[in-house]
Amino acid sequence: MTVRTRFAPSPTGYLHIGGVRTALFNWLFARSQGGQFILRIDDTDQQRNVEEALAPILHGLLWLGIDWDEGPDQPPSVKHSEGRKVGGPHMPYYQSQRTAKYQAAVDRLLEIGAAYRDYARSEEVQAEREAAEKAKLPIWRYSRAWAGDTAEKCRQLEAEGRTAVVRLKMPDSGVLVIDDLVRGQVEFDWAREQDHVIQRADGSFIYHLANVVDDEEFQISHVIRAEEHLSNTPRQIFMLEALGYKRPQYAHLPFVAEPGSHTKLSKRKLAKYLKQKDFANLVNHANHIAEALGMATTLDAFNPVVTDFYEQVGYLPEALVNYLCLLGWSLDDHTDHLTIDQMIRHFTLERVNKSAASFDPGKLFAFEERHMRELPIDRKVELALPFAVRAGLLKKPFSEVSAADRRRVGQVLAAAGDRIRTAGDIVDYTDFFVTAAELPYDEKALEKVKKKADAILLLAKFAPMLESLDSEELTAAITDALVHQFVEAEQCKIGDLILALRFALTGKGVGFGLFEAMEILGKTESIVRIERLLKAVSAE
RNA sequence: GGCCCGAUCGUCUAGAGGCCUAGGACACGGGCCUUUCACGCCCGCGACACGGGUUCGACUCCCGUUCGGGUCACCA
């Protein structure tokens, strides 16, 4: 049997972290089994602008490397996709365009007596429900009092100005056993299931009906979805069996929970999450970068529960995927770093956890740091360059970036090393892209340097020594030797000289290796910067 | 409230009856390295929700309790 899985997003305008995890598990399972992963758009209840609301979702999936074998075309906005046509043998993949199939299924259900037309007004059903609740009835079911069982009754009810919905005629006894691949055997009493509506009075279809028809049509072998659908499964199985479809294998995933709780993660509760340190740190870091890029950082538009957030700050998609993959699944007792290939090779539904897992932004960040650390410098440059351009470091548009710019960014990235945790972190190194006159001084660091009068003195003595060097190019080895030689001759503390030098050259009190900084700036620029500081200090 | 599901360090998890005085990772605390910061390395802190069974033996199996969650729409 060919494994076919699917992810069925609703066009909401954004890709939720929990949704990605579901998509990822579907994708990993399909890939691990040599099967297909299908993307279907659940827009049965959508008003307009489906394309617009869908674009960020498709974009996010592709950014993460979750591609689909069948489904909607890829949006042109995504890098490398160039609007690739996808399609597939079961087109269209939008539920709003598949209504004829749903109508046929409803008609069939009606015909075989598995469903009926119901003319009740929602208030009437609601009243029955409330009465039953008041009476504390253990099991309540709609009386079917307004069911149109005969053509004559239908006519009569219609004459009253009523319109019909189609309801499922659920069995009133027996037990349904579902063999869930992650939860094991789960049982439901048919008698407790309601006569759910499957077609609305306006003729549109309810998700469950569409879902069942499409899963059959698309030959979905494994329905891997979030846990909240478990309770919906009986009605779906009822329909699918009435229709004579083959039951797919089910795997209900635990949902992704809020940090520190087992409640489902929600985009709207960001303000609450922000009270936690890890979460606040993650957002502060991102905000800092966004600010340098001139982006709006409102909670709604820039939200870490949505994948878009991570892309905008320059996270590595593989880091996010690695983290999400381990949220509810594990390979063994020690593997935490996996490449996509390894995930595909080892993923199994058997090892999916049963309980909800909290989203931990601190841990996600740790994965990001680790993946970034292991990235070759060339790739880092490619990733950081757009950020450098957008933050104005290079003072030119992307199309005019030269080999020299690229080299400079590469040098800074190499020197910064582990300090670059997301591609956006390049914005912290403006000091290597401005002239000496423009170099901003960190206030606190400046105060500290001023207090060290002898350090300033050392700086004044060091400048001529630097000047006397033959070559303009300063390698870290040369400056290292020079500084040590100077310290020896002056009998001073190396820390004092380095503190003053770092400040003069970068305007900061902390940063990466001083010798690397000098190498990037070169002899002339270094001297100009030292002189600027000396002048600034003596002017006071 | 009914039904369904879940429960190991703060968090993600390993654990399919003896390998467990419960292992790994993130976070946290301390130390080492070091020109600052970061990385790295070492050490530490820290959990089987509770109560009954079953068994020679239970984190593992069963029952109950508690707690947490999901679901009960003409939403998906």
# chains A, B, ... in the order shown; residues from 1 in each chain; ligands from 1
call {"tool": "interface_residues", "arguments": {"of": "chain A", "to": "chain B", "cutoff": "7 Å", "atoms": "only C-alpha atoms (C1' of nucleotides)", "output": "ChimeraX atom specification"}}
result
/A:10,138,197,200-201,207,228,231,262-263,327,332-334,336,354-355,360,362-363,418-419,494-495,498,509-512
call {"tool": "write_last_selection", "arguments": {"atoms": "N, CA and C atoms", "output": "PDB file, in the first residue's frame"}}
result
ATOM      1  N   SER A  10      -6.511  25.670   6.759  1.00  0.00           N
ATOM      2  CA  SER A  10      -7.604  26.572   6.444  1.00  0.00           C
ATOM      3  C   SER A  10      -6.918  27.911   6.176  1.00  0.00           C
ATOM      4  N   PRO A 138     -28.564  11.887  31.111  1.00  0.00           N
ATOM      5  CA  PRO A 138     -27.190  11.482  30.837  1.00  0.00           C
ATOM      6  C   PRO A 138     -26.864  11.501  29.345  1.00  0.00           C
ATOM      7  N   VAL A 197     -24.927  17.932  11.633  1.00  0.00           N
ATOM      8  CA  VAL A 197     -25.280  18.535  10.349  1.00  0.00           C
ATOM      9  C   VAL A 197     -24.099  18.328   9.403  1.00  0.00           C
ATOM     10  N   ARG A 200     -25.359  22.611   5.289  1.00  0.00           N
ATOM     11  CA  ARG A 200     -26.083  23.724   5.876  1.00  0.00           C
ATOM     12  C   ARG A 200     -27.313  24.088   5.063  1.00  0.00           C
ATOM     13  N   ALA A 201     -28.147  24.919   5.665  1.00  0.00           N
ATOM     14  CA  ALA A 201     -29.374  25.344   4.997  1.00  0.00           C
ATOM     15  C   ALA A 201     -29.068  26.082   3.696  1.00  0.00           C
ATOM     16  N   TYR A 207     -17.296  20.785   7.164  1.00  0.00           N
ATOM     17  CA  TYR A 207     -15.952  20.247   7.072  1.00  0.00           C
ATOM     18  C   TYR A 207     -15.850  18.720   7.130  1.00  0.00           C
ATOM     19  N   GLU A 228      -7.304  17.206  18.898  1.00  0.00           N
ATOM     20  CA  GLU A 228      -8.653  17.732  19.057  1.00  0.00           C
ATOM     21  C   GLU A 228      -9.640  17.121  18.065  1.00  0.00           C
ATOM     22  N   SER A 231     -12.231  13.314  18.974  1.00  0.00           N
ATOM     23  CA  SER A 231     -13.656  13.207  19.284  1.00  0.00           C
ATOM     24  C   SER A 231     -14.541  13.377  18.057  1.00  0.00           C
ATOM     25  N   HIS A 262      -0.317  22.949  29.950  1.00  0.00           N
ATOM     26  CA  HIS A 262      -0.717  21.959  28.963  1.00  0.00           C
ATOM     27  C   HIS A 262      -1.903  22.403  28.138  1.00  0.00           C
ATOM     28  N   THR A 263      -2.123  23.699  28.146  1.00  0.00           N
ATOM     29  CA  THR A 263      -3.197  24.259  27.337  1.00  0.00           C
ATOM     30  C   THR A 263      -2.643  24.489  25.928  1.00  0.00           C
ATOM     31  N   LEU A 327       9.432  17.778  19.306  1.00  0.00           N
ATOM     32  CA  LEU A 327       8.352  18.182  20.187  1.00  0.00           C
ATOM     33  C   LEU A 327       7.239  17.133  20.030  1.00  0.00           C
ATOM     34  N   ASP A 332      15.700   8.417  20.400  1.00  0.00           N
ATOM     35  CA  ASP A 332      16.218   7.549  21.443  1.00  0.00           C
ATOM     36  C   ASP A 332      16.500   8.382  22.689  1.00  0.00           C
ATOM     37  N   ASP A 333      17.386   7.912  23.524  1.00  0.00           N
ATOM     38  CA  ASP A 333      17.620   8.632  24.777  1.00  0.00           C
ATOM     39  C   ASP A 333      18.704   9.704  24.683  1.00  0.00           C
ATOM     40  N   HIS A 334      19.300   9.892  23.521  1.00  0.00           N
ATOM     41  CA  HIS A 334      20.358  10.893  23.479  1.00  0.00           C
ATOM     42  C   HIS A 334      20.436  11.751  22.210  1.00  0.00           C
ATOM     43  N   ASP A 336      19.627  14.554  19.833  1.00  0.00           N
ATOM     44  CA  ASP A 336      18.804  15.759  19.781  1.00  0.00           C
ATOM     45  C   ASP A 336      19.111  16.592  18.547  1.00  0.00           C
ATOM     46  N   LYS A 354       2.251  10.552  23.585  1.00  0.00           N
ATOM     47  CA  LYS A 354       0.805  10.679  23.771  1.00  0.00           C
ATOM     48  C   LYS A 354       0.426  11.985  24.449  1.00  0.00           C
ATOM     49  N   SER A 355       1.324  12.547  25.198  1.00  0.00           N
ATOM     50  CA  SER A 355       0.929  13.735  25.948  1.00  0.00           C
ATOM     51  C   SER A 355       1.386  15.026  25.279  1.00  0.00           C
ATOM     52  N   ASP A 360       8.818  25.516  23.977  1.00  0.00           N
ATOM     53  CA  ASP A 360       9.827  26.141  24.822  1.00  0.00           C
ATOM     54  C   ASP A 360      10.754  27.003  23.961  1.00  0.00           C
ATOM     55  N   GLY A 362      13.106  28.969  24.641  1.00  0.00           N
ATOM     56  CA  GLY A 362      14.518  28.936  25.017  1.00  0.00           C
ATOM     57  C   GLY A 362      15.222  27.776  24.340  1.00  0.00           C
ATOM     58  N   LYS A 363      14.538  26.656  24.319  1.00  0.00           N
ATOM     59  CA  LYS A 363      15.135  25.485  23.711  1.00  0.00           C
ATOM     60  C   LYS A 363      15.199  25.630  22.191  1.00  0.00           C
ATOM     61  N   ASP A 418      30.371  32.370  16.855  1.00  0.00           N
ATOM     62  CA  ASP A 418      29.179  31.919  17.565  1.00  0.00           C
ATOM     63  C   ASP A 418      28.235  33.029  17.968  1.00  0.00           C
ATOM     64  N   ARG A 419      28.738  34.251  17.913  1.00  0.00           N
ATOM     65  CA  ARG A 419      27.884  35.350  18.347  1.00  0.00           C
ATOM     66  C   ARG A 419      26.758  35.600  17.354  1.00  0.00           C
ATOM     67  N   ILE A 494      47.917  44.067  29.734  1.00  0.00           N
ATOM     68  CA  ILE A 494      47.370  43.904  28.383  1.00  0.00           C
ATOM     69  C   ILE A 494      45.891  44.244  28.336  1.00  0.00           C
ATOM     70  N   GLY A 495      45.210  43.950  29.439  1.00  0.00           N
ATOM     71  CA  GLY A 495      43.778  44.219  29.502  1.00  0.00           C
ATOM     72  C   GLY A 495      43.454  45.686  29.315  1.00  0.00           C
ATOM     73  N   ILE A 498      43.902  46.681  25.634  1.00  0.00           N
ATOM     74  CA  ILE A 498      42.870  46.070  24.787  1.00  0.00           C
ATOM     75  C   ILE A 498      41.513  46.715  24.993  1.00  0.00           C
ATOM     76  N   GLY A 509      32.290  48.204  24.437  1.00  0.00           N
ATOM     77  CA  GLY A 509      33.120  47.633  25.494  1.00  0.00           C
ATOM     78  C   GLY A 509      33.287  46.138  25.341  1.00  0.00           C
ATOM     79  N   VAL A 510      32.390  45.527  24.607  1.00  0.00           N
ATOM     80  CA  VAL A 510      32.491  44.081  24.391  1.00  0.00           C
ATOM     81  C   VAL A 510      32.399  43.790  22.905  1.00  0.00           C
ATOM     82  N   GLY A 511      32.846  42.630  22.541  1.00  0.00           N
ATOM     83  CA  GLY A 511      32.792  42.270  21.130  1.00  0.00           C
ATOM     84  C   GLY A 511      33.681  41.085  20.871  1.00  0.00           C
ATOM     85  N   PHE A 512      33.875  40.769  19.634  1.00  0.00           N
ATOM     86  CA  PHE A 512      34.723  39.604  19.351  1.00  0.00           C
ATOM     87  C   PHE A 512      36.194  39.983  19.440  1.00  0.00           C
TER      88      PHE A 512
END
call {"tool": "residues_around", "arguments": {"residues": "range 43-56 of chain B", "least_positions_apart": "2", "cutoff": "9 Å", "atoms": "only C-alpha atoms (C1' of nucleotides)", "output": "PDB file with C-alpha atoms (C1' of nucleotides), in the first residue's frame"}}
result
ATOM      1  C1'   A B   7       0.312  12.371  33.679  1.00  0.00           C
ATOM      2  C1'   U B   8       8.918  10.981  34.679  1.00  0.00           C
ATOM      3  C1'   C B   9      13.497  16.886  36.668  1.00  0.00           C
ATOM      4  C1'   G B  10      11.086  24.105  35.643  1.00  0.00           C
ATOM      5  C1'   G B  17       8.835  -5.792  35.101  1.00  0.00           C
ATOM      6  C1'   A B  22      15.928   6.834  36.864  1.00  0.00           C
ATOM      7  C1'   C B  28      19.526  27.427  36.150  1.00  0.00           C
ATOM      8  C1'   G B  29      23.913  27.615  39.919  1.00  0.00           C
ATOM      9  C1'   G B  30      29.330  27.039  40.504  1.00  0.00           C
ATOM     10  C1'   G B  31      34.199  26.445  38.334  1.00  0.00           C
ATOM     11  C1'   A B  58       6.889  -1.933  39.426  1.00  0.00           C
ATOM     12  C1'   C B  59       8.620   4.338  36.582  1.00  0.00           C
ATOM     13  C1'   C B  61       0.892  -3.993  34.240  1.00  0.00           C
ATOM     14  C1'   C B  62      -4.426  -3.382  36.521  1.00  0.00           C
ATOM     15  C1'   C B  63      -8.050  -0.424  39.428  1.00  0.00           C
ATOM     16  C1'   G B  64      -9.355   4.022  41.842  1.00  0.00           C
ATOM     17  C1'   U B  65      -8.380   9.180  43.218  1.00  0.00           C
ATOM     18  C1'   U B  66      -6.410  13.764  41.955  1.00  0.00           C
ATOM     19  C1'   C B  67      -4.786  17.075  38.546  1.00  0.00           C
TER      20        C B  67
END
call {"tool": "residues_around", "arguments": {"residues": "Phe347 in chain A", "least_positions_apart": "4", "cutoff": "8 Å", "atoms": "only C-alpha atoms (C1' of nucleotides)", "output": "mmCIF file with N, CA, C and O atoms, in the first residue's frame"}}
result
data_model
loop_
_atom_site.group_PDB
_atom_site.id
_atom_site.type_symbol
_atom_site.label_atom_id
_atom_site.label_comp_id
_atom_site.auth_asym_id
_atom_site.auth_seq_id
_atom_site.Cartn_x
_atom_site.Cartn_y
_atom_site.Cartn_z
ATOM 1 N N LEU A 28 7.033 14.015 7.183
ATOM 2 C CA LEU A 28 8.095 13.075 7.548
ATOM 3 C C LEU A 28 7.639 11.636 7.377
ATOM 4 O O LEU A 28 8.385 10.786 6.889
ATOM 5 N N PHE A 29 6.403 11.385 7.768
ATOM 6 C CA PHE A 29 5.919 10.010 7.659
ATOM 7 C C PHE A 29 5.819 9.592 6.190
ATOM 8 O O PHE A 29 6.287 8.521 5.814
ATOM 9 N N SER A 32 9.307 9.173 4.851
ATOM 10 C CA SER A 32 10.004 8.013 5.421
ATOM 11 C C SER A 32 9.472 6.713 4.830
ATOM 12 O O SER A 32 10.165 5.702 4.815
ATOM 13 N N LEU A 331 13.961 10.058 18.951
ATOM 14 C CA LEU A 331 14.592 8.907 18.311
ATOM 15 C C LEU A 331 15.036 7.915 19.374
ATOM 16 O O LEU A 331 14.800 6.721 19.281
ATOM 17 N N MET A 343 15.969 12.703 10.039
ATOM 18 C CA MET A 343 14.581 12.668 10.509
ATOM 19 C C MET A 343 13.754 11.773 9.602
ATOM 20 O O MET A 343 12.969 10.952 10.059
ATOM 21 N N ARG A 351 6.843 6.131 17.713
ATOM 22 C CA ARG A 351 7.597 6.875 18.722
ATOM 23 C C ARG A 351 7.040 8.281 18.994
ATOM 24 O O ARG A 351 7.670 9.092 19.649
#
call {"tool": "select_by_dssp", "arguments": {"residues": "range 191-383 of chain A", "states": "alpha helix (DSSP H)", "output": "count of residues only"}}
result
84
call {"tool": "atom_distance", "arguments": {"atom1": "CA of Glu531 in chain A", "atom2": "CA of Leu394 in chain A"}}
result
24.3 Å
call {"tool": "residues_around", "arguments": {"residues": "range 397-402 of chain A", "least_positions_apart": "6", "cutoff": "12 Å", "atoms": "only C-alpha atoms (C1' of nucleotides)", "output": "VMD selection string"}}
result
chain A and resid 382 384 to 391 408 to 409
call {"tool": "write_last_selection", "arguments": {"atoms": "all heavy atoms", "output": "compact mmCIF listing (two decimals), in the first residue's frame"}}
result
# COMPACT_ATOMS: atom_id res chain seq x y z
N GLU A 382 25.48 34.23 2.64
CA GLU A 382 24.28 34.31 1.80
C GLU A 382 23.06 34.70 2.62
O GLU A 382 22.22 35.47 2.18
CB GLU A 382 24.02 32.96 1.11
CG GLU A 382 25.01 32.62 0.02
CD GLU A 382 25.33 33.81 -0.88
OE1 GLU A 382 24.37 34.42 -1.41
OE2 GLU A 382 26.52 34.16 -1.04
N ALA A 384 23.04 36.22 5.65
CA ALA A 384 23.15 37.50 6.35
C ALA A 384 23.13 38.71 5.42
O ALA A 384 22.71 39.79 5.81
CB ALA A 384 24.42 37.51 7.19
N LEU A 385 23.58 38.51 4.19
CA LEU A 385 23.67 39.62 3.25
C LEU A 385 22.37 40.42 3.10
O LEU A 385 22.37 41.65 3.18
CB LEU A 385 24.15 39.09 1.89
CG LEU A 385 25.18 39.92 1.13
CD1 LEU A 385 26.23 40.52 2.04
CD2 LEU A 385 25.84 39.05 0.06
N PRO A 386 21.25 39.74 2.88
CA PRO A 386 20.00 40.51 2.75
C PRO A 386 19.70 41.33 4.01
O PRO A 386 19.17 42.44 3.91
CB PRO A 386 18.93 39.42 2.58
CG PRO A 386 19.68 38.22 2.10
CD PRO A 386 21.04 38.30 2.69
N PHE A 387 20.06 40.81 5.16
CA PHE A 387 19.83 41.55 6.40
C PHE A 387 20.76 42.76 6.47
O PHE A 387 20.35 43.83 6.90
CB PHE A 387 20.02 40.65 7.62
CG PHE A 387 18.89 39.67 7.81
CD1 PHE A 387 18.95 38.40 7.24
CD2 PHE A 387 17.77 40.02 8.53
CE1 PHE A 387 17.90 37.51 7.39
CE2 PHE A 387 16.71 39.14 8.69
CZ PHE A 387 16.78 37.88 8.11
N ALA A 388 21.99 42.56 6.04
CA ALA A 388 22.95 43.67 6.05
C ALA A 388 22.46 44.79 5.14
O ALA A 388 22.55 45.96 5.48
CB ALA A 388 24.31 43.16 5.60
N VAL A 389 21.89 44.40 4.01
CA VAL A 389 21.38 45.39 3.08
C VAL A 389 20.17 46.11 3.67
O VAL A 389 20.10 47.34 3.68
CB VAL A 389 20.99 44.73 1.73
CG1 VAL A 389 20.20 45.69 0.86
CG2 VAL A 389 22.23 44.23 1.01
N ARG A 390 19.26 45.33 4.21
CA ARG A 390 18.03 45.94 4.74
C ARG A 390 18.30 46.83 5.95
O ARG A 390 17.59 47.79 6.19
CB ARG A 390 17.02 44.86 5.08
CG ARG A 390 16.36 44.28 3.83
CD ARG A 390 15.51 43.09 4.14
NE ARG A 390 14.48 43.38 5.12
CZ ARG A 390 13.92 42.46 5.91
NH1 ARG A 390 14.33 41.21 5.85
NH2 ARG A 390 12.97 42.82 6.75
N ALA A 391 19.33 46.48 6.71
CA ALA A 391 19.64 47.30 7.88
C ALA A 391 20.47 48.51 7.48
O ALA A 391 20.84 49.32 8.33
CB ALA A 391 20.39 46.46 8.91
N ARG A 408 33.67 41.62 3.11
CA ARG A 408 33.63 42.30 4.40
C ARG A 408 32.60 41.62 5.32
O ARG A 408 32.88 41.34 6.49
CB ARG A 408 33.27 43.78 4.17
CG ARG A 408 32.93 44.62 5.40
CD ARG A 408 34.04 44.72 6.43
NE ARG A 408 35.26 45.34 5.97
CZ ARG A 408 35.68 46.57 6.29
NH1 ARG A 408 34.95 47.32 7.06
NH2 ARG A 408 36.84 47.01 5.86
N VAL A 409 31.44 41.32 4.77
CA VAL A 409 30.41 40.63 5.57
C VAL A 409 30.95 39.27 6.02
O VAL A 409 30.78 38.87 7.18
CB VAL A 409 29.10 40.46 4.76
CG1 VAL A 409 28.13 39.52 5.48
CG2 VAL A 409 28.44 41.82 4.54
call {"tool": "select_by_dssp", "arguments": {"residues": "range 29-142 of chain A", "states": "strand (DSSP E or B)", "output": "PDB file with N, CA and C atoms, in the first residue's frame"}}
result
ATOM      1  N   GLN A  36       3.448   9.745  -0.558  1.00  0.00           N
ATOM      2  CA  GLN A  36       3.213  11.111  -1.009  1.00  0.00           C
ATOM      3  C   GLN A  36       2.566  11.949   0.086  1.00  0.00           C
ATOM      4  N   PHE A  37       2.897  13.221   0.011  1.00  0.00           N
ATOM      5  CA  PHE A  37       2.335  14.189   0.953  1.00  0.00           C
ATOM      6  C   PHE A  37       1.487  15.155   0.146  1.00  0.00           C
ATOM      7  N   ILE A  38       0.236  15.265   0.537  1.00  0.00           N
ATOM      8  CA  ILE A  38      -0.711  16.080  -0.222  1.00  0.00           C
ATOM      9  C   ILE A  38      -1.167  17.289   0.586  1.00  0.00           C
ATOM     10  N   LEU A  39      -1.307  18.381  -0.102  1.00  0.00           N
ATOM     11  CA  LEU A  39      -1.788  19.584   0.560  1.00  0.00           C
ATOM     12  C   LEU A  39      -3.177  19.898   0.018  1.00  0.00           C
ATOM     13  N   ILE A  41      -6.659  22.406   0.647  1.00  0.00           N
ATOM     14  CA  ILE A  41      -7.059  23.650   1.292  1.00  0.00           C
ATOM     15  C   ILE A  41      -8.494  23.563   1.791  1.00  0.00           C
ATOM     16  N   GLU A  70       1.247  16.821  -4.226  1.00  0.00           N
ATOM     17  CA  GLU A  70       0.012  17.202  -4.904  1.00  0.00           C
ATOM     18  C   GLU A  70      -0.596  18.329  -4.097  1.00  0.00           C
ATOM     19  N   GLY A  71      -1.257  19.222  -4.784  1.00  0.00           N
ATOM     20  CA  GLY A  71      -1.887  20.324  -4.072  1.00  0.00           C
ATOM     21  C   GLY A  71      -1.845  21.598  -4.875  1.00  0.00           C
ATOM     22  N   GLY A  87      -0.413  20.891  -8.669  1.00  0.00           N
ATOM     23  CA  GLY A  87      -1.583  20.152  -9.141  1.00  0.00           C
ATOM     24  C   GLY A  87      -1.555  18.694  -8.729  1.00  0.00           C
ATOM     25  N   TYR A  94      -8.715  22.507  -3.688  1.00  0.00           N
ATOM     26  CA  TYR A  94      -9.415  23.483  -2.836  1.00  0.00           C
ATOM     27  C   TYR A  94     -10.820  22.949  -2.586  1.00  0.00           C
ATOM     28  N   ALA A 115     -28.589   9.545   6.281  1.00  0.00           N
ATOM     29  CA  ALA A 115     -28.761  10.956   6.608  1.00  0.00           C
ATOM     30  C   ALA A 115     -30.198  11.334   6.286  1.00  0.00           C
ATOM     31  N   TYR A 116     -30.620  12.461   6.816  1.00  0.00           N
ATOM     32  CA  TYR A 116     -31.985  12.905   6.554  1.00  0.00           C
ATOM     33  C   TYR A 116     -32.044  14.420   6.493  1.00  0.00           C
ATOM     34  N   ARG A 117     -33.085  14.900   5.820  1.00  0.00           N
ATOM     35  CA  ARG A 117     -33.288  16.344   5.781  1.00  0.00           C
ATOM     36  C   ARG A 117     -33.971  16.747   7.066  1.00  0.00           C
ATOM     37  N   ASP A 118     -33.476  17.811   7.644  1.00  0.00           N
ATOM     38  CA  ASP A 118     -34.057  18.247   8.904  1.00  0.00           C
ATOM     39  C   ASP A 118     -34.469  19.704   8.795  1.00  0.00           C
TER      40      ASP A 118
END
call {"tool": "residues_around", "arguments": {"residues": "Ser538 in chain A", "least_positions_apart": "6", "cutoff": "12 Å", "atoms": "only C-alpha atoms (C1' of nucleotides)", "output": "ChimeraX atom specification"}}
result
/A:450,453,456-457,460,531-532
call {"tool": "residues_around", "arguments": {"residues": "Lys380 in chain A", "least_positions_apart": "5", "cutoff": "9 Å", "atoms": "only C-alpha atoms (C1' of nucleotides)", "output": "ChimeraX atom specification"}}
result
/A:372,375,385,410,413,423
call {"tool": "residues_around", "arguments": {"residues": "Leu176 in chain A", "least_positions_apart": "4", "cutoff": "12 Å", "atoms": "only C-alpha atoms (C1' of nucleotides)", "output": "tab-separated table (two decimals) with C-alpha atoms, in the first residue's frame"}}
result
chain	number	residue	atom	x	y	z
A	170	MET	CA	-26.33	8.19	13.74
A	171	PRO	CA	-26.61	4.62	15.07
A	172	ASP	CA	-28.24	4.38	18.47
A	185	GLN	CA	-7.46	1.52	21.02
A	186	VAL	CA	-10.05	4.17	21.70
A	187	GLU	CA	-13.72	3.35	22.13
A	188	PHE	CA	-16.82	5.44	21.59
A	189	ASP	CA	-20.49	4.69	22.23
A	190	TRP	CA	-22.48	5.32	19.11
A	191	ALA	CA	-25.46	6.26	21.24
A	192	ARG	CA	-23.66	9.34	22.47
A	193	GLU	CA	-23.00	10.68	19.01
A	231	SER	CA	-13.66	13.21	19.28
A	233	THR	CA	-13.60	10.79	14.37
A	234	PRO	CA	-16.73	8.71	15.05
A	235	ARG	CA	-18.97	10.85	12.87
A	236	GLN	CA	-16.38	10.73	10.14
A	237	ILE	CA	-16.10	6.99	10.35
A	238	PHE	CA	-19.86	6.70	10.28
A	241	GLU	CA	-18.41	3.49	6.20
call {"tool": "atom_distance", "arguments": {"atom1": "CA of Pro440 in chain A", "atom2": "CA of Asp480 in chain A"}}
result
25.4 Å
call {"tool": "atom_distance", "arguments": {"atom1": "C1' of C33 in chain B", "atom2": "CA of Phe432 in chain A"}}
result
28.0 Å
